[in-house]
$ cat protein.cif   # mmCIF, C-alpha atoms and all ligand atoms
data_start
#
loop_
_atom_site.label_atom_id
_atom_site.label_comp_id
_atom_site.auth_asym_id
_atom_site.auth_seq_id
_atom_site.Cartn_x
_atom_site.Cartn_y
_atom_site.Cartn_z
CA MET A 1088 106.90 102.36 117.25
CA ASN A 1089 110.41 103.71 117.57
CA ARG A 1090 110.91 103.55 113.79
CA PRO A 1091 108.96 104.69 110.70
CA TYR A 1092 106.06 102.65 109.34
CA VAL A 1093 107.63 101.06 106.25
CA ILE A 1094 105.77 100.42 103.00
CA CYS A 1095 107.68 98.49 100.36
CA HIS A 1096 106.28 99.90 97.10
CA MET A 1097 107.43 98.18 93.89
CA VAL A 1098 106.55 97.30 90.31
CA THR A 1099 106.87 93.55 89.85
CA SER A 1100 106.63 91.21 86.88
CA LEU A 1101 104.17 88.30 86.90
CA ASP A 1102 106.98 86.11 88.20
CA GLY A 1103 107.87 88.45 91.06
CA LYS A 1104 110.97 90.10 89.60
CA VAL A 1105 111.73 93.79 90.11
CA THR A 1106 114.84 94.52 88.02
CA GLY A 1107 115.73 94.31 84.36
CA LYS A 1108 114.53 95.06 80.84
CA PHE A 1109 110.84 94.23 81.49
CA LEU A 1110 110.54 97.55 83.36
CA TYR A 1111 111.20 99.47 80.13
CA THR A 1112 108.79 97.58 77.83
CA PRO A 1113 105.47 99.05 76.57
CA GLN A 1114 103.66 96.30 78.55
CA CYS A 1115 105.00 97.87 81.73
CA GLU A 1116 104.02 101.48 80.95
CA SER A 1117 100.64 101.52 82.69
CA ALA A 1118 102.17 99.74 85.71
CA THR A 1119 104.84 102.43 85.95
CA GLU A 1120 102.21 105.16 85.67
CA LEU A 1121 100.12 103.57 88.44
CA TYR A 1122 103.26 103.10 90.54
CA TYR A 1123 104.04 106.84 90.49
CA GLN A 1124 100.42 107.72 91.20
CA ILE A 1125 100.31 105.42 94.25
CA ASN A 1126 103.65 106.79 95.42
CA ARG A 1127 102.08 110.26 95.55
CA ASP A 1128 98.86 108.97 97.14
CA TYR A 1129 100.78 107.54 100.09
CA GLN A 1130 102.02 111.02 101.06
CA ALA A 1131 104.99 109.51 102.86
CA ASP A 1132 107.64 111.54 104.66
CA GLY A 1133 110.25 110.08 102.36
CA TYR A 1134 111.49 107.22 100.23
CA ALA A 1135 114.46 104.90 100.71
CA CYS A 1136 116.54 103.23 98.01
CA GLY A 1137 119.72 101.20 97.76
CA ARG A 1138 122.90 102.66 96.33
CA VAL A 1139 122.38 101.04 92.90
CA THR A 1140 118.82 102.37 92.54
CA MET A 1141 119.83 105.88 93.62
CA GLU A 1142 122.64 105.80 91.05
CA GLY A 1143 120.30 104.65 88.26
CA SER A 1144 117.46 107.04 89.12
CA PHE A 1145 119.16 110.19 90.38
CA THR A 1146 122.96 110.53 90.43
CA GLY A 1147 123.72 108.84 87.09
CA GLY A 1148 127.02 107.52 88.47
CA TRP A 1149 128.64 110.95 88.84
CA TYR A 1150 131.24 111.11 91.62
CA PRO A 1151 133.17 114.06 93.05
CA ASP A 1152 136.97 114.33 93.07
CA LEU A 1153 137.47 113.49 96.74
CA SER A 1154 141.12 114.64 96.69
CA GLU A 1155 139.70 118.18 96.90
CA PHE A 1156 138.37 117.44 100.40
CA GLU A 1157 140.25 117.11 103.71
CA PRO A 1158 140.19 113.56 105.11
CA ALA A 1159 138.63 114.48 108.46
CA TYR A 1160 136.99 111.41 109.96
CA SER A 1161 134.60 111.70 112.84
CA PRO A 1162 132.18 108.84 113.44
CA MET A 1163 129.41 111.27 114.39
CA ASP A 1164 126.07 111.68 112.71
CA TYR A 1165 125.76 114.99 110.84
CA LEU A 1166 122.53 116.99 110.72
CA VAL A 1167 121.74 120.25 108.96
CA ASP A 1168 119.33 123.13 109.63
CA ASP A 1169 116.32 123.95 107.45
CA LEU A 1170 115.29 120.37 106.70
CA THR A 1171 112.50 120.08 104.14
CA GLY A 1172 110.37 117.46 105.95
CA PHE A 1173 110.49 115.25 102.84
CA TYR A 1174 113.43 112.92 102.37
CA ALA A 1175 115.31 110.75 99.88
CA VAL A 1176 117.13 108.22 102.06
CA ALA A 1177 120.15 106.68 100.33
CA PHE A 1178 121.42 103.41 101.82
CA ASP A 1179 125.01 103.82 100.72
CA PRO A 1180 127.26 101.76 103.06
CA HIS A 1181 130.59 102.79 101.49
CA GLY A 1182 129.80 106.34 100.39
CA LYS A 1183 129.74 105.67 96.63
CA LEU A 1184 127.02 108.15 95.66
CA GLY A 1185 127.95 111.52 94.21
CA TRP A 1186 125.31 114.21 94.68
CA LYS A 1187 125.40 117.52 92.83
CA SER A 1188 122.59 118.90 94.97
CA SER A 1189 121.35 118.30 98.51
CA THR A 1190 117.80 117.85 97.23
CA ILE A 1191 116.42 115.60 94.48
CA ILE A 1192 115.71 117.37 91.20
CA ASP A 1193 112.74 115.66 89.56
CA ASP A 1194 109.47 116.92 88.07
CA ASP A 1195 107.44 114.28 89.91
CA PRO A 1196 106.29 115.67 93.28
CA GLY A 1197 106.59 112.14 94.69
CA TYR A 1198 110.38 112.50 94.31
CA GLY A 1199 111.45 116.07 93.51
CA GLY A 1200 112.43 118.41 96.34
CA ALA A 1201 113.31 115.59 98.73
CA GLN A 1202 116.26 116.34 101.02
CA VAL A 1203 118.95 113.68 100.55
CA ILE A 1204 120.01 111.75 103.66
CA GLU A 1205 122.96 109.37 103.43
CA VAL A 1206 122.93 106.20 105.55
CA LEU A 1207 126.52 105.04 105.96
CA THR A 1208 128.68 102.45 107.71
CA HIS A 1209 132.04 103.13 109.33
CA GLN A 1210 133.71 101.87 106.12
CA VAL A 1211 133.20 105.30 104.56
CA SER A 1212 136.20 107.58 103.93
CA GLY A 1213 136.79 110.82 105.84
CA ARG A 1214 137.05 112.73 102.58
CA TYR A 1215 133.56 111.59 101.60
CA LEU A 1216 132.18 112.90 104.90
CA THR A 1217 133.80 116.28 104.30
CA TYR A 1218 132.30 116.32 100.80
CA LEU A 1219 128.80 115.60 102.18
CA GLN A 1220 129.20 118.39 104.75
CA SER A 1221 130.26 120.81 102.02
CA MET A 1222 127.05 119.91 100.14
CA GLY A 1223 124.81 120.35 103.19
CA ILE A 1224 123.80 116.68 103.02
CA PRO A 1225 122.99 115.12 106.41
CA TYR A 1226 124.30 111.63 107.15
CA ILE A 1227 123.82 108.98 109.79
CA PHE A 1228 125.94 105.98 110.70
CA ALA A 1229 124.25 102.61 111.12
CA GLY A 1230 126.59 99.64 111.42
CA ASP A 1231 130.29 99.02 111.24
CA THR A 1232 130.77 97.00 108.05
CA GLU A 1233 127.14 96.37 107.04
CA ILE A 1234 124.13 98.63 107.43
CA ASP A 1235 122.12 97.91 110.56
CA ILE A 1236 118.60 98.49 109.25
CA GLU A 1237 116.95 98.84 112.65
CA GLU A 1238 119.47 101.41 113.86
CA ALA A 1239 119.06 103.37 110.64
CA LEU A 1240 115.27 103.40 110.95
CA PHE A 1241 115.43 104.42 114.60
CA LYS A 1242 117.62 107.42 113.72
CA LEU A 1243 115.47 108.38 110.73
CA LYS A 1244 112.47 108.76 113.01
CA ALA A 1245 114.30 110.29 115.97
CA TYR A 1246 116.39 112.86 114.02
CA PHE A 1247 114.20 113.66 111.02
CA GLY A 1248 110.69 112.83 112.23
CA ILE A 1249 110.10 110.32 109.45
CA HIS A 1250 106.91 108.48 110.40
CA LYS A 1251 105.98 106.93 107.07
CA LEU A 1252 108.72 105.70 104.74
CA LEU A 1253 108.38 104.18 101.27
CA LEU A 1254 110.97 101.49 100.58
CA GLU A 1255 111.44 101.62 96.81
CA GLY A 1256 114.10 99.07 95.95
CA GLY A 1257 116.01 97.50 94.62
CA SER A 1258 116.02 93.81 95.35
CA ILE A 1259 119.09 93.85 97.62
CA LEU A 1260 117.91 96.64 99.91
CA ASN A 1261 114.36 95.24 100.00
CA GLY A 1262 115.83 91.89 101.07
CA ALA A 1263 117.80 93.48 103.89
CA PHE A 1264 114.64 95.21 105.19
CA GLN A 1265 112.60 91.99 104.85
CA ARG A 1266 115.15 89.93 106.81
CA ALA A 1267 115.12 92.61 109.51
CA SER A 1268 111.33 92.12 109.62
CA VAL A 1269 110.56 95.84 109.35
CA ILE A 1270 108.30 95.91 106.27
CA ASP A 1271 104.85 96.71 107.63
CA GLU A 1272 103.07 96.95 104.29
CA LEU A 1273 103.66 95.67 100.77
CA SER A 1274 102.38 97.64 97.80
CA LEU A 1275 102.86 95.64 94.60
CA VAL A 1276 102.01 96.93 91.15
CA VAL A 1277 102.02 93.82 88.97
CA ALA A 1278 102.85 94.36 85.30
CA PRO A 1279 101.43 91.78 82.85
CA ILE A 1280 104.82 90.50 81.73
CA VAL A 1281 107.33 87.80 82.67
CA ALA A 1282 110.92 88.92 83.34
CA ASP A 1283 114.25 87.50 82.18
CA ALA A 1284 115.84 84.64 84.12
CA GLU A 1285 118.69 86.79 85.43
CA ASP A 1286 116.44 89.54 86.83
CA LYS A 1287 116.25 89.87 90.60
CA PRO A 1288 113.30 89.02 92.87
CA LEU A 1289 111.30 91.40 95.05
CA PHE A 1290 113.48 90.38 98.02
CA MET A 1291 117.03 89.15 97.57
CA ASP A 1292 117.76 86.48 100.23
CA SER A 1293 114.34 86.55 101.87
CA ALA A 1294 113.00 84.74 104.94
CA ILE A 1295 109.49 83.36 105.57
CA GLU A 1296 107.03 85.98 106.81
CA ASN A 1297 103.22 86.26 106.78
CA TYR A 1298 101.22 89.01 105.09
CA ALA A 1299 97.48 89.47 104.68
CA LEU A 1300 95.82 90.93 101.60
CA GLU A 1301 94.26 94.31 102.43
CA ASP A 1302 93.27 95.89 99.13
CA VAL A 1303 93.20 95.26 95.37
CA ARG A 1304 92.85 97.67 92.48
CA TYR A 1305 92.69 97.00 88.74
CA GLN A 1306 93.59 99.69 86.20
CA ASN A 1307 94.49 99.47 82.48
CA GLY A 1308 95.58 95.84 82.63
CA THR A 1309 97.60 96.38 85.80
CA LEU A 1310 96.88 94.89 89.20
CA TRP A 1311 97.75 96.66 92.45
CA LEU A 1312 97.94 94.50 95.56
CA SER A 1313 98.29 95.83 99.08
CA TYR A 1314 99.30 93.56 101.97
CA LYS A 1315 99.90 94.15 105.66
CA ARG A 1316 102.29 92.18 107.81
CA TYR A 1317 100.99 89.97 110.59
CA CYS A 1318 102.33 90.70 114.04
CA GLN A 1319 103.03 87.74 116.36
CA CYS A 1320 99.57 88.08 117.91
CA GLY A 1321 98.01 87.21 114.55
CA ASN A 1322 96.64 90.69 113.75
CA THR A 1323 97.83 92.92 110.95
CA LEU A 1324 99.81 96.00 111.99
CA ASN A 1325 98.33 99.43 111.40
N1 LIG B 1401 110.56 97.45 90.09
C1 LIG B 1401 110.67 98.54 90.80
O1 LIG B 1401 109.67 99.13 91.26
C2 LIG B 1401 112.05 99.09 91.08
C3 LIG B 1401 112.22 100.09 92.02
C4 LIG B 1401 113.52 100.52 92.31
C5 LIG B 1401 114.60 99.94 91.65
N2 LIG B 1401 114.40 98.98 90.73
C6 LIG B 1401 115.53 98.34 90.02
O2 LIG B 1401 116.39 97.77 90.98
C7 LIG B 1401 117.70 97.70 90.41
C8 LIG B 1401 118.73 97.83 91.50
O3 LIG B 1401 118.50 96.86 92.49
P1 LIG B 1401 119.67 96.07 93.18
O4 LIG B 1401 119.04 95.01 93.99
O5 LIG B 1401 120.67 95.69 92.14
O6 LIG B 1401 120.38 97.19 94.07
P2 LIG B 1401 119.86 98.15 95.25
O7 LIG B 1401 119.08 97.37 96.25
O8 LIG B 1401 119.24 99.36 94.67
O9 LIG B 1401 121.24 98.61 95.87
C9 LIG B 1401 122.10 97.62 96.41
C10 LIG B 1401 123.27 98.30 97.06
O10 LIG B 1401 122.83 99.04 98.17
C11 LIG B 1401 123.84 99.02 99.15
N3 LIG B 1401 123.25 98.54 100.41
C12 LIG B 1401 122.58 99.35 101.25
N4 LIG B 1401 122.16 98.68 102.31
C13 LIG B 1401 122.52 97.42 102.15
C14 LIG B 1401 122.34 96.26 102.95
N5 LIG B 1401 121.73 96.28 104.14
N6 LIG B 1401 122.80 95.09 102.48
C15 LIG B 1401 123.42 95.06 101.28
N7 LIG B 1401 123.63 96.15 100.50
C16 LIG B 1401 123.20 97.30 100.94
C17 LIG B 1401 124.98 98.20 98.61
O11 LIG B 1401 125.86 99.15 98.01
P3 LIG B 1401 127.44 98.91 97.79
O12 LIG B 1401 127.53 98.00 96.62
O13 LIG B 1401 127.94 100.27 97.54
O14 LIG B 1401 127.94 98.27 99.06
C18 LIG B 1401 124.30 97.33 97.58
O15 LIG B 1401 125.14 96.88 96.57
C19 LIG B 1401 117.77 98.79 89.36
O16 LIG B 1401 118.15 98.24 88.16
C20 LIG B 1401 116.35 99.35 89.26
O17 LIG B 1401 115.90 99.42 87.95
C21 LIG B 1401 113.15 98.52 90.45
#

$ encode --input "protein.cif" --output "structure tokens"
Amino acid sequence: MNRPYVICHMVTSLDGKVTGKFLYTPQCESATELYYQINRDYQADGYACGRVTMEGSFTGGWYPDLSEFEPAYSPMDYLVDDLTGFYAVAFDPHGKLGWKSSTIIDDDPGYGGAQVIEVLTHQVSGRYLTYLQSMGIPYIFAGDTEIDIEEALFKLKAYFGIHKLLLEGGSILNGAFQRASVIDELSLVVAPIVADAEDKPLFMDSAIENYALEDVRYQNGTLWLSYKRYCQCGNTLN
């Protein structure tokens, strides 16, 4: 494969939602615990999230004062030396994420220490690129106005050697990966709770696709379901 093997790993409600207040209820605690444990068990080369999830989990909405940076625009991918081999891949089409560090600071070894990679479109400002360079944060371009998922994945494997990638939300980014038909495995931790009506589904704007159940685990009232995608020949992909 010329792209990483992609595992979409998510906590879902009983009704297949992945965002909203249900995630922060006591009924969801053991699901969250199992989710982090399975994240570590996968030993992936990195995890990918949409801009909104990265903001909520890691940057907290902080943004640099871009007027301090020269507006030099070059539509070239930017790599750095001394890569960690473990990556936090931010799908951030317009360059809205403000990072205070080039690696993720988190106590959980499934997240902490990951080298940030920004996946951008050509809509990003030159000042933002200069800011990323000043931080030692590598970036790749994939798409003109919208992120081209396949191009991004190709570059993530070719440039950074990412072979196994966890796709960890949210609903919008998951949907873009699903429509591109690049989710090889689904890892669903099902919390015993129904979500609010306005919460978002596992895949925003999905398309029909076949998966086969591979494994099931039950722990403290939480169900973990693992599925693999069928290839056109009718076999599951390994
Ligand atoms: N249940 C779980 O396990 C789990 C895991 C992770 C997150 N979450 C939840 O998910 C929520 C966020 O999910 P979300 O669906 O609102 O947002 P999201 O998927 O995290 O981020 C969406 C944003 O990503 C950018 N983006 C990147 N590639 C894109 C593409 N190909 N197409 C469209 N947009 C693309 C866009 O940013 P711009 O707007 O800048 O263009 C878009 O608005 C959070 O509240 C979090 O709690 C749940």

$ closest_atom_pairs --input "protein.cif" --of "chain A" --to "ligand LIG 1401 (chain B)" --cutoff "7 Å" --atoms "all atoms listed in the file" --output "tab-separated table"
residue	atom	partner	partner_atom	distance
A:His1096	CA	B:LIG1401	O1	6.8
A:Met1097	CA	B:LIG1401	O1	3.6
A:Val1098	CA	B:LIG1401	O1	3.7
A:Thr1099	CA	B:LIG1401	N1	5.4
A:Val1105	CA	B:LIG1401	N1	3.8
A:Thr1106	CA	B:LIG1401	C6	4.4
A:Gly1107	CA	B:LIG1401	O16	6.0
A:Leu1110	CA	B:LIG1401	N1	6.7
A:Cys1136	CA	B:LIG1401	O8	5.8
A:Gly1137	CA	B:LIG1401	O9	3.5
A:Arg1138	CA	B:LIG1401	O10	4.1
A:Val1139	CA	B:LIG1401	O8	4.0
A:Thr1140	CA	B:LIG1401	O8	3.7
A:Met1141	CA	B:LIG1401	O8	6.6
A:Gly1143	CA	B:LIG1401	C19	6.5
A:Phe1178	CA	B:LIG1401	C12	4.3
A:Asp1179	CA	B:LIG1401	C12	5.1
A:Pro1180	CA	B:LIG1401	O14	5.4
A:His1181	CA	B:LIG1401	O13	5.4
A:Gly1182	CA	B:LIG1401	O13	7.0
A:Lys1183	CA	B:LIG1401	O13	5.8
A:Glu1233	CA	B:LIG1401	N5	6.1
A:Ile1234	CA	B:LIG1401	N5	4.7
A:Asp1235	CA	B:LIG1401	N5	6.6
A:Ile1236	CA	B:LIG1401	N5	6.4
A:Glu1255	CA	B:LIG1401	C4	5.1
A:Gly1256	CA	B:LIG1401	C4	4.0
A:Gly1257	CA	B:LIG1401	O3	3.3
A:Ser1258	CA	B:LIG1401	O4	3.5
A:Ile1259	CA	B:LIG1401	O7	3.8
A:Leu1260	CA	B:LIG1401	O7	3.9
A:Asn1261	CA	B:LIG1401	O7	6.4
A:Ala1263	CA	B:LIG1401	N5	4.8
A:Lys1287	CA	B:LIG1401	O4	6.8

$ write_last_selection --input "protein.cif" --atoms "C-alpha atoms" --output "mmCIF file, keeping the file's coordinate frame"
data_model
loop_
_atom_site.group_PDB
_atom_site.id
_atom_site.type_symbol
_atom_site.label_atom_id
_atom_site.label_comp_id
_atom_site.auth_asym_id
_atom_site.auth_seq_id
_atom_site.Cartn_x
_atom_site.Cartn_y
_atom_site.Cartn_z
ATOM 1 C CA HIS A 1096 106.280 99.900 97.100
ATOM 2 C CA MET A 1097 107.430 98.180 93.890
ATOM 3 C CA VAL A 1098 106.550 97.300 90.310
ATOM 4 C CA THR A 1099 106.870 93.550 89.850
ATOM 5 C CA VAL A 1105 111.730 93.790 90.110
ATOM 6 C CA THR A 1106 114.840 94.520 88.020
ATOM 7 C CA GLY A 1107 115.730 94.310 84.360
ATOM 8 C CA LEU A 1110 110.540 97.550 83.360
ATOM 9 C CA CYS A 1136 116.540 103.230 98.010
ATOM 10 C CA GLY A 1137 119.720 101.200 97.760
ATOM 11 C CA ARG A 1138 122.900 102.660 96.330
ATOM 12 C CA VAL A 1139 122.380 101.040 92.900
ATOM 13 C CA THR A 1140 118.820 102.370 92.540
ATOM 14 C CA MET A 1141 119.830 105.880 93.620
ATOM 15 C CA GLY A 1143 120.300 104.650 88.260
ATOM 16 C CA PHE A 1178 121.420 103.410 101.820
ATOM 17 C CA ASP A 1179 125.010 103.820 100.720
ATOM 18 C CA PRO A 1180 127.260 101.760 103.060
ATOM 19 C CA HIS A 1181 130.590 102.790 101.490
ATOM 20 C CA GLY A 1182 129.800 106.340 100.390
ATOM 21 C CA LYS A 1183 129.740 105.670 96.630
ATOM 22 C CA GLU A 1233 127.140 96.370 107.040
ATOM 23 C CA ILE A 1234 124.130 98.630 107.430
ATOM 24 C CA ASP A 1235 122.120 97.910 110.560
ATOM 25 C CA ILE A 1236 118.600 98.490 109.250
ATOM 26 C CA GLU A 1255 111.440 101.620 96.810
ATOM 27 C CA GLY A 1256 114.100 99.070 95.950
ATOM 28 C CA GLY A 1257 116.010 97.500 94.620
ATOM 29 C CA SER A 1258 116.020 93.810 95.350
ATOM 30 C CA ILE A 1259 119.090 93.850 97.620
ATOM 31 C CA LEU A 1260 117.910 96.640 99.910
ATOM 32 C CA ASN A 1261 114.360 95.240 100.000
ATOM 33 C CA ALA A 1263 117.800 93.480 103.890
ATOM 34 C CA LYS A 1287 116.250 89.870 90.600
#

$ atom_distance --input "protein.cif" --atom1 "atom CA of Gln1306 of chain A" --atom2 "atom CA of Asp1102 of chain A"
19.2 Å

$ atom_distance --input "protein.cif" --atom1 "atom CA of Leu1253 of chain A" --atom2 "atom CA of Lys1187 of chain A"
23.2 Å

$ residues_around --input "protein.cif" --residues "Pro1196 of chain A" --least-positions-apart "3" --cutoff "12 Å" --atoms "all atoms listed in the file" --output "PyMOL selection string"
chain A and resi 1123-1131+1133+1173-1174+1191-1193+1199-1201

$ residues_near_point --input "protein.cif" --point "(121.0, 85.5, 101.7)" --cutoff "9 Å" --atoms "all atoms listed in the file" --output "mmCIF file with C-alpha atoms, in the coordinates of the input"
data_model
loop_
_atom_site.group_PDB
_atom_site.id
_atom_site.type_symbol
_atom_site.label_atom_id
_atom_site.label_comp_id
_atom_site.auth_asym_id
_atom_site.auth_seq_id
_atom_site.Cartn_x
_atom_site.Cartn_y
_atom_site.Cartn_z
ATOM 1 C CA GLY A 1262 115.830 91.890 101.070
ATOM 2 C CA ALA A 1263 117.800 93.480 103.890
ATOM 3 C CA ARG A 1266 115.150 89.930 106.810
ATOM 4 C CA MET A 1291 117.030 89.150 97.570
ATOM 5 C CA ASP A 1292 117.760 86.480 100.230
ATOM 6 C CA SER A 1293 114.340 86.550 101.870
ATOM 7 C CA ALA A 1294 113.000 84.740 104.940
#

$ atom_distance --input "protein.cif" --atom1 "atom CA of Ile1249 of chain A" --atom2 "atom CA of Arg1214 of chain A"
27.9 Å

$ residues_around --input "protein.cif" --residues "Trp1149 of chain A" --least-positions-apart "2" --cutoff "6 Å" --atoms "only C-alpha atoms" --output "VMD selection string"
chain A and resid 1146 to 1147 1185

$ closest_residue --input "protein.cif" --among "A:Leu1207, A:Cys1095, A:Leu1289, A:Ala1282" --to "Thr1232 of chain A" --atoms "only C-alpha atoms"
A:Leu1207

$ residues_around --input "protein.cif" --residues "Leu1254 of chain A" --least-positions-apart "6" --cutoff "6 Å" --atoms "only C-alpha atoms" --output "compact mmCIF listing (two decimals) with C-alpha atoms, keeping the file's coordinate frame"
# COMPACT_ATOMS: atom_id res chain seq x y z
CA ILE A 1094 105.77 100.42 103.00
CA CYS A 1095 107.68 98.49 100.36
CA TYR A 1134 111.49 107.22 100.23
CA ALA A 1135 114.46 104.90 100.71

$ closest_residue --input "protein.cif" --among "A:Tyr1150, A:Tyr1092, A:Tyr1226, A:Trp1311" --to "Ser1268 of chain A" --atoms "all atoms listed in the file"
A:Tyr1092

$ residues_near_point --input "protein.cif" --point "(92.4, 95.1, 99.1)" --cutoff "8 Å" --atoms "only C-alpha atoms" --output "list of chain:residue names"
A:Leu1300, A:Glu1301, A:Asp1302, A:Val1303, A:Arg1304, A:Leu1312, A:Ser1313, A:Tyr1314

$ residues_around --input "protein.cif" --residues "Gly1223 of chain A" --least-positions-apart "3" --cutoff "9 Å" --atoms "all atoms listed in the file" --output "PyMOL selection string"
chain A and resi 1166-1168+1188-1189+1218-1220

$ write_last_selection --input "protein.cif" --atoms "C-alpha atoms" --output "CSV table (one decimal), keeping the file's coordinate frame"
chain,number,residue,atom,x,y,z
A,1166,LEU,CA,122.5,117.0,110.7
A,1167,VAL,CA,121.7,120.2,109.0
A,1168,ASP,CA,119.3,123.1,109.6
A,1188,SER,CA,122.6,118.9,95.0
A,1189,SER,CA,121.4,118.3,98.5
A,1218,TYR,CA,132.3,116.3,100.8
A,1219,LEU,CA,128.8,115.6,102.2
A,1220,GLN,CA,129.2,118.4,104.8

$ residues_around --input "protein.cif" --residues "Thr1309 of chain A" --least-positions-apart "6" --cutoff "7 Å" --atoms "all atoms listed in the file" --output "list in words"
Ser1117, Ala1118, Val1276, Val1277, Ala1278 and Pro1279 of chain A

$ closest_residue --input "protein.cif" --among "A:Gly1103, A:Trp1186, A:Ser1161, A:Asp1194" --to "Glu1142 of chain A" --atoms "only C-alpha atoms"
A:Trp1186

$ closest_residue --input "protein.cif" --among "A:Lys1108, A:His1209, A:Lys1315, A:Arg1090" --to "His1250 of chain A" --atoms "only C-alpha atoms"
A:Arg1090

$ closest_residue --input "protein.cif" --among "A:Val1269, A:Ile1295, A:Leu1216, A:Leu1252" --to "Tyr1160 of chain A" --atoms "all atoms listed in the file"
A:Leu1216

$ closest_residue --input "protein.cif" --among "A:Ala1284, A:Asp1164, A:Phe1228, A:Glu1296" --to "Gln1265 of chain A" --atoms "all atoms listed in the file"
A:Glu1296

$ decode --input "protein.cif" --residues "segment 1214-1248 of chain A" --atoms "C-alpha atoms" --output "compact mmCIF listing (two decimals), in the first residue's frame"
# COMPACT_ATOMS: atom_id res chain seq x y z
CA ARG A 1214 2.44 34.17 7.63
CA TYR A 1215 1.09 30.94 9.10
CA LEU A 1216 3.70 28.94 7.16
CA THR A 1217 6.48 31.16 8.52
CA TYR A 1218 5.09 30.66 12.03
CA LEU A 1219 5.10 26.85 11.61
CA GLN A 1220 8.70 26.97 10.36
CA SER A 1221 9.72 29.07 13.36
CA MET A 1222 8.21 26.38 15.60
CA GLY A 1223 9.94 23.50 13.81
CA ILE A 1224 6.57 22.04 12.82
CA PRO A 1225 6.59 20.12 9.52
CA TYR A 1226 3.71 20.65 7.11
CA ILE A 1227 2.42 19.09 3.93
CA PHE A 1228 0.02 20.42 1.31
CA ALA A 1229 -2.82 18.18 0.14
CA GLY A 1230 -5.44 19.88 -2.00
CA ASP A 1231 -6.18 23.36 -3.21
CA THR A 1232 -9.37 24.36 -1.38
CA GLU A 1233 -10.26 21.08 0.36
CA ILE A 1234 -7.96 18.45 1.82
CA ASP A 1235 -7.25 15.60 -0.58
CA ILE A 1236 -7.18 12.68 1.87
CA GLU A 1237 -5.39 10.25 -0.45
CA GLU A 1238 -2.62 12.72 -1.26
CA ALA A 1239 -2.18 13.49 2.44
CA LEU A 1240 -1.92 9.80 3.33
CA PHE A 1241 0.54 9.14 0.51
CA LYS A 1242 2.83 11.91 1.79
CA LEU A 1243 2.51 10.80 5.41
CA LYS A 1244 3.88 7.40 4.50
CA ALA A 1245 6.47 8.59 1.97
CA TYR A 1246 7.92 11.48 4.04
CA PHE A 1247 7.45 10.31 7.62
CA GLY A 1248 7.30 6.53 7.32
